[in-house]
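Pasting data-v9.pdb here (PDB, C-alpha atoms):
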ATOM      1  CA  ARG A1221      29.459  14.765   7.150
ATOM      2  CA  LEU A1222      28.835  11.962   9.644
ATOM      3  CA  ALA A1223      28.353   9.150   7.126
ATOM      4  CA  ASP A1224      28.256   8.363   3.415
ATOM      5  CA  ALA A1225      24.466   8.080   3.163
ATOM      6  CA  VAL A1226      21.235   8.794   4.997
ATOM      7  CA  ILE A1227      17.853   7.097   5.204
ATOM      8  CA  ILE A1228      14.984   9.589   5.428
ATOM      9  CA  ALA A1229      11.866   8.006   6.940
ATOM     10  CA  THR A1230      10.051  11.017   8.337
ATOM     11  CA  PRO A1231       6.246  11.271   7.843
ATOM     12  CA  ASP A1232       5.144  11.748   4.229
ATOM     13  CA  ALA A1233       4.588  15.499   4.492
ATOM     14  CA  LEU A1234       8.050  16.019   6.017
ATOM     15  CA  HIS A1235      10.293  14.556   3.302
ATOM     16  CA  VAL A1236      11.295  17.610   1.287
ATOM     17  CA  GLU A1237      13.274  19.668   3.819
ATOM     18  CA  PRO A1238      15.557  16.867   5.115
ATOM     19  CA  ALA A1239      16.053  15.453   1.597
ATOM     20  CA  VAL A1240      17.136  18.806   0.192
ATOM     21  CA  ALA A1241      19.352  19.470   3.209
ATOM     22  CA  ALA A1242      21.000  16.040   2.970
ATOM     23  CA  ALA A1243      21.694  16.508  -0.746
ATOM     24  CA  GLU A1244      23.244  19.915  -0.135
ATOM     25  CA  LEU A1245      25.543  18.359   2.500
ATOM     26  CA  GLY A1246      26.657  15.696   0.019
ATOM     27  CA  TYR A1247      24.915  12.647   1.461
ATOM     28  CA  HIS A1248      23.650   9.837  -0.753
ATOM     29  CA  ILE A1249      19.942   9.401   0.005
ATOM     30  CA  LEU A1250      17.462   6.551   0.436
ATOM     31  CA  LEU A1251      14.065   8.243   0.790
ATOM     32  CA  GLU A1252      10.924   6.573   2.065
ATOM     33  CA  LYS A1253       8.009   6.654  -0.349
ATOM     34  CA  PRO A1254       6.241   8.771  -1.424
ATOM     35  CA  MET A1255       8.871  11.367  -2.357
ATOM     36  CA  ALA A1256       6.555  14.249  -1.423
ATOM     37  CA  PRO A1257       2.806  14.984  -1.368
ATOM     38  CA  THR A1258       3.101  17.501  -4.210
ATOM     39  CA  ALA A1259       4.747  17.675  -7.634
ATOM     40  CA  GLU A1260       6.515  20.855  -6.526
ATOM     41  CA  GLY A1261       8.047  19.063  -3.543
ATOM     42  CA  CYS A1262       9.263  16.226  -5.758
ATOM     43  CA  ALA A1263      10.840  18.725  -8.151
ATOM     44  CA  LEU A1264      12.696  20.460  -5.302
ATOM     45  CA  ILE A1265      14.208  17.147  -4.209
ATOM     46  CA  VAL A1266      15.202  16.137  -7.738
ATOM     47  CA  ASP A1267      16.780  19.535  -8.411
ATOM     48  CA  ALA A1268      18.795  19.370  -5.175
ATOM     49  CA  VAL A1269      19.976  15.824  -5.875
ATOM     50  CA  ARG A1270      21.040  16.642  -9.428
ATOM     51  CA  LYS A1271      22.856  19.787  -8.350
ATOM     52  CA  ALA A1272      24.722  17.901  -5.629
ATOM     53  CA  GLY A1273      25.463  14.877  -7.829
ATOM     54  CA  VAL A1274      24.565  12.391  -5.077
ATOM     55  CA  LEU A1275      22.989   8.953  -5.405
ATOM     56  CA  PHE A1276      19.260   8.977  -4.752
ATOM     57  CA  ALA A1277      16.642   6.221  -4.496
ATOM     58  CA  VAL A1278      13.030   5.967  -3.319
ATOM     59  CA  CYS A1279      11.812   2.962  -1.305
ATOM     60  CA  HIS A1280       9.472   1.450  -3.900
ATOM     61  CA  VAL A1281      10.088  -1.943  -2.320
ATOM     62  CA  LEU A1282       7.409  -3.729  -4.360
ATOM     63  CA  ARG A1283       9.920  -3.787  -7.230
ATOM     64  CA  TYR A1284      12.186  -6.111  -5.255
ATOM     65  CA  THR A1285       9.760  -8.781  -4.042
ATOM     66  CA  PRO A1286      10.206 -12.395  -5.181
ATOM     67  CA  TYR A1287       7.011 -12.425  -7.230
ATOM     68  CA  THR A1288       7.962  -9.178  -8.987
ATOM     69  CA  THR A1289      11.288 -10.729  -9.958
ATOM     70  CA  VAL A1290       9.453 -13.603 -11.637
ATOM     71  CA  VAL A1291       6.806 -11.426 -13.330
ATOM     72  CA  LYS A1292       9.431  -9.035 -14.707
ATOM     73  CA  ARG A1293      11.590 -11.903 -15.957
ATOM     74  CA  GLU A1294       8.760 -13.775 -17.680
ATOM     75  CA  VAL A1295       7.288 -10.671 -19.322
ATOM     76  CA  ALA A1296      10.712  -9.464 -20.504
ATOM     77  CA  ALA A1297      11.375 -12.925 -21.965
ATOM     78  CA  GLY A1298       8.298 -12.579 -24.174
ATOM     79  CA  ARG A1299       6.355 -15.386 -22.514
ATOM     80  CA  ILE A1300       3.033 -13.612 -23.148
ATOM     81  CA  GLY A1301       4.065 -11.578 -26.198
ATOM     82  CA  ASP A1302       3.441  -7.847 -26.238
ATOM     83  CA  ILE A1303       1.432  -6.471 -23.320
ATOM     84  CA  MET A1304      -1.969  -5.189 -24.418
ATOM     85  CA  SER A1305      -3.653  -4.524 -21.078
ATOM     86  CA  VAL A1306      -3.212  -4.923 -17.325
ATOM     87  CA  GLN A1307      -5.599  -5.178 -14.376
ATOM     88  CA  HIS A1308      -4.078  -4.561 -10.941
ATOM     89  CA  LEU A1309      -5.779  -4.597  -7.528
ATOM     90  CA  GLU A1310      -4.540  -3.271  -4.186
ATOM     91  CA  PRO A1311      -6.842  -4.970  -1.622
ATOM     92  CA  VAL A1312      -6.108  -2.892   1.467
ATOM     93  CA  GLY A1313      -8.429  -4.915   3.713
ATOM     94  CA  PHE A1314     -11.382  -3.649   5.720
ATOM     95  CA  TRP A1315      -9.730  -3.596   9.156
ATOM     96  CA  HIS A1316      -6.324  -2.460   7.817
ATOM     97  CA  HIS A1317      -7.991   0.469   6.086
ATOM     98  CA  ALA A1318      -9.855   1.396   9.273
ATOM     99  CA  HIS A1319      -6.648   1.064  11.297
ATOM    100  CA  SER A1320      -4.308   3.115   9.097
ATOM    101  CA  TYR A1321      -6.508   5.362   6.945
ATOM    102  CA  VAL A1322      -9.504   6.147   9.164
ATOM    103  CA  ARG A1323      -8.162   6.044  12.722
ATOM    104  CA  GLY A1324      -4.431   6.048  12.085
ATOM    105  CA  ASN A1325      -1.444   8.051  10.900
ATOM    106  CA  TRP A1326      -2.447   8.271   7.225
ATOM    107  CA  ARG A1327      -6.072   9.317   7.723
ATOM    108  CA  ARG A1328      -5.554  12.947   6.666
ATOM    109  CA  ALA A1329      -3.897  14.178   3.486
ATOM    110  CA  ASP A1330      -2.615  17.357   5.165
ATOM    111  CA  GLU A1331      -0.754  15.329   7.806
ATOM    112  CA  SER A1332       0.613  12.669   5.460
ATOM    113  CA  SER A1333      -0.359  12.499   1.776
ATOM    114  CA  PRO A1334      -3.324  11.547  -0.421
ATOM    115  CA  MET A1335      -4.317   7.869  -0.178
ATOM    116  CA  LEU A1336      -2.844   6.759  -3.508
ATOM    117  CA  LEU A1337       0.494   8.318  -2.618
ATOM    118  CA  ALA A1338       0.515   6.965   0.934
ATOM    119  CA  LYS A1339      -0.515   3.416   0.041
ATOM    120  CA  SER A1340      -0.442   2.847  -3.695
ATOM    121  CA  CYS A1341       2.492   4.740  -5.166
ATOM    122  CA  HIS A1342       4.124   1.294  -4.939
ATOM    123  CA  ASP A1343       1.528  -0.042  -7.362
ATOM    124  CA  LEU A1344       1.670   2.752  -9.916
ATOM    125  CA  ASP A1345       5.464   2.522  -9.898
ATOM    126  CA  TRP A1346       5.199  -1.278 -10.224
ATOM    127  CA  LEU A1347       2.919  -1.056 -13.253
ATOM    128  CA  GLN A1348       5.359   1.211 -15.106
ATOM    129  CA  PHE A1349       8.227  -1.082 -14.096
ATOM    130  CA  ILE A1350       6.512  -4.214 -15.445
ATOM    131  CA  VAL A1351       5.008  -2.699 -18.608
ATOM    132  CA  ASP A1352       8.274  -0.797 -19.133
ATOM    133  CA  ARG A1353       6.637   2.131 -20.900
ATOM    134  CA  PRO A1354       5.736   5.616 -19.648
ATOM    135  CA  ILE A1355       2.107   6.474 -18.954
ATOM    136  CA  ARG A1356       0.830   8.997 -21.500
ATOM    137  CA  ARG A1357      -2.757   9.574 -20.361
ATOM    138  CA  LEU A1358      -4.860   8.713 -17.339
ATOM    139  CA  SER A1359      -8.157   9.335 -15.620
ATOM    140  CA  SER A1360      -9.111   8.619 -12.046
ATOM    141  CA  PHE A1361     -12.234   8.414  -9.890
ATOM    142  CA  GLY A1362     -12.711   7.791  -6.207
ATOM    143  CA  GLY A1363     -13.848   9.274  -2.948
ATOM    144  CA  LEU A1364     -14.489   9.014   0.750
ATOM    145  CA  SER A1365     -17.864   7.322   0.540
ATOM    146  CA  HIS A1366     -18.378   5.168   3.627
ATOM    147  CA  PHE A1367     -16.311   6.290   6.619
ATOM    148  CA  THR A1368     -18.249   9.496   7.228
ATOM    149  CA  GLU A1369     -20.681  10.850   9.815
ATOM    150  CA  ARG A1370     -23.680  10.304   7.552
ATOM    151  CA  ASN A1371     -23.152   6.537   7.709
ATOM    152  CA  ARG A1372     -22.921   6.428  11.492
ATOM    153  CA  PRO A1373     -25.416   3.875  12.856
ATOM    154  CA  ALA A1374     -28.168   5.117  15.137
ATOM    155  CA  GLY A1375     -27.062   4.847  18.738
ATOM    156  CA  ALA A1376     -23.348   4.577  17.931
ATOM    157  CA  ALA A1377     -21.005   5.984  20.576
ATOM    158  CA  ASP A1378     -17.815   7.933  19.913
ATOM    159  CA  ARG A1379     -15.771   4.928  21.096
ATOM    160  CA  CYS A1380     -16.247   1.250  20.389
ATOM    161  CA  VAL A1381     -15.720   0.201  24.032
ATOM    162  CA  ASP A1382     -18.777   2.296  25.020
ATOM    163  CA  CYS A1383     -20.958   1.511  22.001
ATOM    164  CA  SER A1384     -24.309  -0.278  22.241
ATOM    165  CA  VAL A1385     -24.234  -1.259  18.546
ATOM    166  CA  GLU A1386     -20.565  -2.307  18.449
ATOM    167  CA  ALA A1387     -21.435  -5.997  18.103
ATOM    168  CA  SER A1388     -23.065  -5.375  14.717
ATOM    169  CA  CYS A1389     -20.211  -3.270  13.268
ATOM    170  CA  PRO A1390     -17.494  -5.001  11.184
ATOM    171  CA  TYR A1391     -15.100  -2.149  11.968
ATOM    172  CA  SER A1392     -15.369  -2.459  15.750
ATOM    173  CA  ALA A1393     -11.983  -1.600  17.240
ATOM    174  CA  ARG A1394     -12.743  -3.790  20.231
ATOM    175  CA  ARG A1395     -13.429  -6.836  18.061
ATOM    176  CA  VAL A1396     -10.615  -6.291  15.558
ATOM    177  CA  TYR A1397      -7.785  -5.684  18.003
ATOM    178  CA  LEU A1398      -8.844  -8.112  20.723
ATOM    179  CA  SER A1399      -9.371 -10.836  18.105
ATOM    180  CA  LEU A1400      -5.834 -10.296  16.834
ATOM    181  CA  TYR A1401      -4.557 -10.430  20.407
ATOM    182  CA  ALA A1402      -6.498 -13.631  21.115
ATOM    183  CA  ALA A1403      -4.995 -15.166  17.954
ATOM    184  CA  GLY A1404      -1.509 -14.606  19.334
ATOM    185  CA  ARG A1405      -0.590 -11.442  17.418
ATOM    186  CA  ARG A1406       1.803  -9.243  19.369
ATOM    187  CA  LYS A1407       3.350  -7.169  16.586
ATOM    188  CA  TRP A1408       1.741  -4.915  13.952
ATOM    189  CA  PRO A1409      -0.846  -3.477  14.212
ATOM    190  CA  LEU A1410      -1.087  -3.939  17.980
ATOM    191  CA  ASP A1411       2.363  -2.525  18.671
ATOM    192  CA  VAL A1412       1.251   0.672  16.941
ATOM    193  CA  ILE A1413      -1.444   1.102  19.601
ATOM    194  CA  VAL A1414       0.539   0.159  22.722
ATOM    195  CA  HIS A1415       4.190  -0.454  23.543
ATOM    196  CA  ASP A1416       3.538  -3.411  25.832
ATOM    197  CA  VAL A1417       0.914  -5.566  24.153
ATOM    198  CA  THR A1418      -1.370  -6.829  26.905
ATOM    199  CA  GLU A1419      -5.142  -7.087  26.890
ATOM    200  CA  GLU A1420      -5.405  -4.584  29.734
ATOM    201  CA  ASP A1421      -3.229  -2.019  27.967
ATOM    202  CA  LEU A1422      -5.072  -2.516  24.683
ATOM    203  CA  LEU A1423      -8.438  -1.851  26.316
ATOM    204  CA  GLN A1424      -7.071   1.250  28.021
ATOM    205  CA  ALA A1425      -5.700   2.531  24.689
ATOM    206  CA  LEU A1426      -9.066   1.947  23.025
ATOM    207  CA  ARG A1427     -10.733   3.982  25.782
ATOM    208  CA  THR A1428      -8.399   6.952  25.430
ATOM    209  CA  GLY A1429      -6.391   6.808  22.188
ATOM    210  CA  PRO A1430      -7.152   7.382  18.501
ATOM    211  CA  TYR A1431      -7.498   3.691  17.617
ATOM    212  CA  GLY A1432     -10.586   3.234  19.783
ATOM    213  CA  ARG A1433     -12.648   5.824  17.921
ATOM    214  CA  CYS A1434     -15.792   5.045  15.960
ATOM    215  CA  VAL A1435     -14.838   4.879  12.263
ATOM    216  CA  TYR A1436     -17.816   7.142  11.524
ATOM    217  CA  ALA A1437     -16.658   9.811  13.995
ATOM    218  CA  CYS A1438     -13.002  10.399  13.055
ATOM    219  CA  ASP A1439     -11.289  13.365  11.405
ATOM    220  CA  ASN A1440     -10.253  11.345   8.323
ATOM    221  CA  ASP A1441     -10.438  12.840   4.816
ATOM    222  CA  VAL A1442      -8.567  10.419   2.506
ATOM    223  CA  VAL A1443     -10.484   8.271   0.024
ATOM    224  CA  ASP A1444     -11.674   4.779   0.891
ATOM    225  CA  HIS A1445     -11.713   3.588  -2.746
ATOM    226  CA  GLN A1446     -10.228   4.815  -6.022
ATOM    227  CA  VAL A1447      -9.660   3.589  -9.581
ATOM    228  CA  VAL A1448      -7.103   4.749 -12.163
ATOM    229  CA  ALA A1449      -7.268   4.098 -15.913
ATOM    230  CA  MET A1450      -3.978   4.421 -17.816
ATOM    231  CA  GLU A1451      -2.787   4.506 -21.399
ATOM    232  CA  PHE A1452       0.875   3.598 -21.851
ATOM    233  CA  ALA A1453       3.106   4.702 -24.697
ATOM    234  CA  GLY A1454       2.479   2.360 -27.608
ATOM    235  CA  GLY A1455      -1.213   1.916 -26.809
ATOM    236  CA  ALA A1456      -1.259  -0.628 -23.978
ATOM    237  CA  THR A1457      -3.899   0.103 -21.346
ATOM    238  CA  GLY A1458      -4.147  -0.563 -17.645
ATOM    239  CA  THR A1459      -6.509  -0.245 -14.720
ATOM    240  CA  PHE A1460      -5.626   0.047 -11.053
ATOM    241  CA  THR A1461      -8.094  -0.336  -8.185
ATOM    242  CA  MET A1462      -7.409   0.555  -4.553
ATOM    243  CA  THR A1463     -10.189  -0.315  -2.127
ATOM    244  CA  GLY A1464     -10.571  -0.835   1.595
ATOM    245  CA  PHE A1465     -13.663  -2.983   1.176
ATOM    246  CA  ASN A1466     -12.236  -6.489   1.031
ATOM    247  CA  THR A1467     -10.611  -9.099   3.239
ATOM    248  CA  GLY A1468      -7.115  -7.939   2.302
ATOM    249  CA  GLY A1469      -4.204 -10.083   1.198
ATOM    250  CA  PRO A1470      -1.539  -9.629  -1.486
ATOM    251  CA  ARG A1471      -1.946  -7.582  -4.647
ATOM    252  CA  ARG A1472      -3.626  -9.354  -7.546
ATOM    253  CA  THR A1473      -2.639  -8.749 -11.156
ATOM    254  CA  GLN A1474      -3.657  -9.962 -14.590
ATOM    255  CA  ILE A1475      -1.471  -9.105 -17.582
ATOM    256  CA  PHE A1476      -2.918  -9.781 -21.032
ATOM    257  CA  GLY A1477      -0.515 -10.209 -23.954
ATOM    258  CA  THR A1478      -0.607 -11.108 -27.625
ATOM    259  CA  ARG A1479       0.650 -14.669 -27.010
ATOM    260  CA  GLY A1480      -0.635 -15.422 -23.529
ATOM    261  CA  GLU A1481      -1.732 -14.094 -20.178
ATOM    262  CA  LEU A1482      -0.133 -13.924 -16.753
ATOM    263  CA  HIS A1483      -1.902 -13.982 -13.397
ATOM    264  CA  THR A1484      -0.328 -13.406 -10.002
ATOM    265  CA  ASP A1485      -1.776 -13.198  -6.509
ATOM    266  CA  GLY A1486       1.525 -12.339  -4.844
ATOM    267  CA  ARG A1487       2.054 -15.988  -3.933
ATOM    268  CA  THR A1488       2.237 -17.723  -7.306
ATOM    269  CA  VAL A1489       2.651 -16.625 -10.918
ATOM    270  CA  THR A1490       0.538 -18.463 -13.507
ATOM    271  CA  ILE A1491       1.213 -18.235 -17.254
ATOM    272  CA  HIS A1492      -1.240 -19.411 -19.929
ATOM    273  CA  ASP A1493       0.257 -19.915 -23.413
ATOM    274  CA  PHE A1494      -2.208 -19.321 -26.275
ATOM    275  CA  LEU A1495      -0.279 -21.405 -28.803
ATOM    276  CA  SER A1496       0.464 -24.537 -26.798
ATOM    277  CA  GLY A1497      -2.472 -24.296 -24.437
ATOM    278  CA  GLU A1498      -0.094 -25.036 -21.569
ATOM    279  CA  ARG A1499      -0.489 -23.564 -18.098
ATOM    280  CA  GLU A1500       2.577 -23.098 -15.904
ATOM    281  CA  VAL A1501       2.465 -22.211 -12.217
ATOM    282  CA  ILE A1502       5.655 -20.728 -10.756
ATOM    283  CA  ASP A1503       6.421 -20.416  -7.032
ATOM    284  CA  PRO A1504       8.391 -17.148  -6.708
ATOM    285  CA  ARG A1505       9.919 -18.150  -3.375
ATOM    286  CA  THR A1506      11.647 -21.064  -5.062
ATOM    287  CA  ALA A1507      12.264 -19.427  -8.428
ATOM    288  CA  ALA A1508      13.679 -16.232  -6.961
ATOM    289  CA  GLY A1509      15.573 -17.997  -4.196
ATOM    290  CA  ALA A1510      13.907 -15.803  -1.610
ATOM    291  CA  ILE A1511      12.117 -16.279   1.695
ATOM    292  CA  GLY A1512       9.217 -14.458   3.306
ATOM    293  CA  ASP A1513       5.498 -14.576   2.757
ATOM    294  CA  ALA A1514       3.340 -12.066   0.894
ATOM    295  CA  THR A1515       1.970 -10.068   3.818
ATOM    296  CA  ALA A1516       3.062  -6.854   5.500
ATOM    297  CA  ARG A1517       3.574  -8.843   8.691
ATOM    298  CA  GLY A1518       5.932 -11.186   6.825
ATOM    299  CA  GLY A1519       8.172  -8.408   5.572
ATOM    300  CA  HIS A1520       6.227  -6.691   2.811
ATOM    301  CA  SER A1521       6.098  -9.606   0.355
ATOM    302  CA  GLY A1522       9.568 -10.879   1.170
TER     303      GLY A1522
END
Spell out the structure here as structure tokens.
Amino acid sequence: RLADAVIIATPDALHVEPAVAAAELGYHILLEKPMAPTAEGCALIVDAVRKAGVLFAVCHVLRYTPYTTVVKREVAAGRIGDIMSVQHLEPVGFWHHAHSYVRGNWRRADESSPMLLAKSCHDLDWLQFIVDRPIRRLSSFGGLSHFTERNRPAGAADRCVDCSVEASCPYSARRVYLSLYAAGRRKWPLDVIVHDVTEEDLLQALRTGPYGRCVYACDNDVVDHQVVAMEFAGGATGTFTMTGFNTGGPRRTQIFGTRGELHTDGRTVTIHDFLSGEREVIDPRTAAGAIGDATARGGHSG
């Protein structure tokens, strides 16, 4: 053994083999989410970890954000009574979805994992963490509805830099990436496309690389929207929506209880008390003693 523990951050579809091998060698493991694209893969990892008796954790980092700390604390304290239902939204953002899930590394389930595992296993884990009850039943609907060949505009080229209708497309790679560059962005997502972020290098990458492709002419197969309906033990219900058709931003949640309701947009937590009629707004950055904003660029919600 070279160390006490390992961090496994290989692509989604390549988690099982190194996790099992690390467990068998006696390493404690921090594994990037999702554990594996299949239930069978997850079971192999769990079996290996239990047999080896090592410490094991999955990077469901949404549990440890400042606003989660406040939501968990207030719900556990009974501020809204017993939870009856939850509505939770993952607003991926139109250009983020096109970047990561149409043109990018998570566009195909066989190369990474299904969309809800790749992007939203955080959210399903978070809902169980907050409600603090197992999910007994669920149903789910979704699909790849928009980013397909049949929605390709007449006259559209294979690449945005060569396209005569690019100016009328909200998903134009040229517009999205050059606008971010013009606004002073030099990190994600531009540093995914090129190592040295210059306008010249960006344009060259859009002419030759995967991120310059027309969103209607890619090899993507993951969904662009999906909903999940859940029934928790005890009868509480929940809905989760993942969609790429929005302007993005932090997750948004409403929790409805027997004595009040809680709303959070990832920046503030608002509690309405049915009995007193009072409304309290909590700033998680102050309450949790944490720093960092609620965006991926700011450190995944702090």
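Residues in contact range of region 1413-1427 of chain A, defined as at most 8 Å between all atoms listed in the file, with sequence neighbours fewer than 5 positions away removed, read Arg1379, Cys1380, Val1381, Ala1393, Arg1394, Tyr1397, Leu1398, Tyr1401, Arg1406, Gly1432 and Arg1433 of chain A.
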Selection result of the PyMOL selection byres ((chain A and resi 1308) around 6) on this file, as a VMD selection string: chain A and resid 1307 1309 1460 1472 to 1473
Determine the residue set returned by the PyMOL selection byres ((chain A and resi 1490-1505) around 12) for the present structure, and present it as a ChimeraX atom specification. /A:1284-1295,1298-1301,1472-1489,1506-1514,1521-1522
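Across the model, the gap from CA of Leu1275 (chain A) to CA of Glu1260 (chain A) is 20.4 Å.
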I'd like to see the residues matched by the PyMOL selection byres ((chain A and resi 1344-1355) around 8) on this file, and ideally I'd get them as a PyMOL selection string. chain A and resi 1280+1282-1283+1291-1292+1295+1303+1340-1343+1356-1358+1450-1454+1460
Take every atom of region 1401-1407 of chain A listed in the file, fit an axis-aligned box around them, add 6 Å per side, and give the centre and edge lengths in Å to one decimal as JSON.
{"center_x": -1.6, "center_y": -11.2, "center_z": 18.9, "size_x": 21.8, "size_y": 20.0, "size_z": 16.5}
Using all atoms listed in the file, can you tell me which of A:Asp1302, A:Glu1252, A:Asp1232, A:Asp1439 comes closest to Thr1368 (chain A)? A:Asp1439
Closest of A:Ser1388, A:Val1396, A:Arg1471, A:Arg1370 to Tyr1436 (chain A), counting only C-alpha atoms, is A:Arg1370
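For the set A:Gly1429, A:Gly1458, A:Gly1464, A:Gly1469, the residue with the smallest atom-to-atom gap to Met1335 (chain A) is A:Gly1464, counting only C-alpha atoms.
In this structure, CA of Leu1251 (chain A) sits 10.2 Å away from CA of Ile1265 (chain A).
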CA of Val1281 (chain A) to CA of Val1236 (chain A), straight-line distance in Å: 19.9 Å
Between A:Ala1225, A:Ala1256, A:Cys1434, A:Met1304, which residue has the minimum interatomic distance to Glu1237 (chain A), considering only C-alpha atoms? A:Ala1256
Got a sec: who's within 12 Å of Trp1315 (chain A), counting only C-alpha atoms, leaving out chain neighbours fewer than 2 positions off, as a PyMOL selection string? chain A and resi 1311-1313+1317-1324+1389-1397+1399-1400+1409+1431+1435+1444+1463-1469
Do a neighbour search on Ser1332 (chain A) at 9 Å with only C-alpha atoms, toss out local chain neighbours closer than 4 positions, and write the hits as a short mmCIF file (atom, residue, chain, number, x, y, z; two decimals) with C-alpha atoms, in the coordinates of the input.
data_model
loop_
_atom_site.label_atom_id
_atom_site.label_comp_id
_atom_site.auth_asym_id
_atom_site.auth_seq_id
_atom_site.Cartn_x
_atom_site.Cartn_y
_atom_site.Cartn_z
CA PRO A 1231 6.25 11.27 7.84
CA ASP A 1232 5.14 11.75 4.23
CA ALA A 1233 4.59 15.50 4.49
CA LEU A 1234 8.05 16.02 6.02
CA PRO A 1257 2.81 14.98 -1.37
CA ASN A 1325 -1.44 8.05 10.90
CA TRP A 1326 -2.45 8.27 7.22
CA ARG A 1327 -6.07 9.32 7.72
CA ARG A 1328 -5.55 12.95 6.67
CA ALA A 1338 0.52 6.96 0.93
#
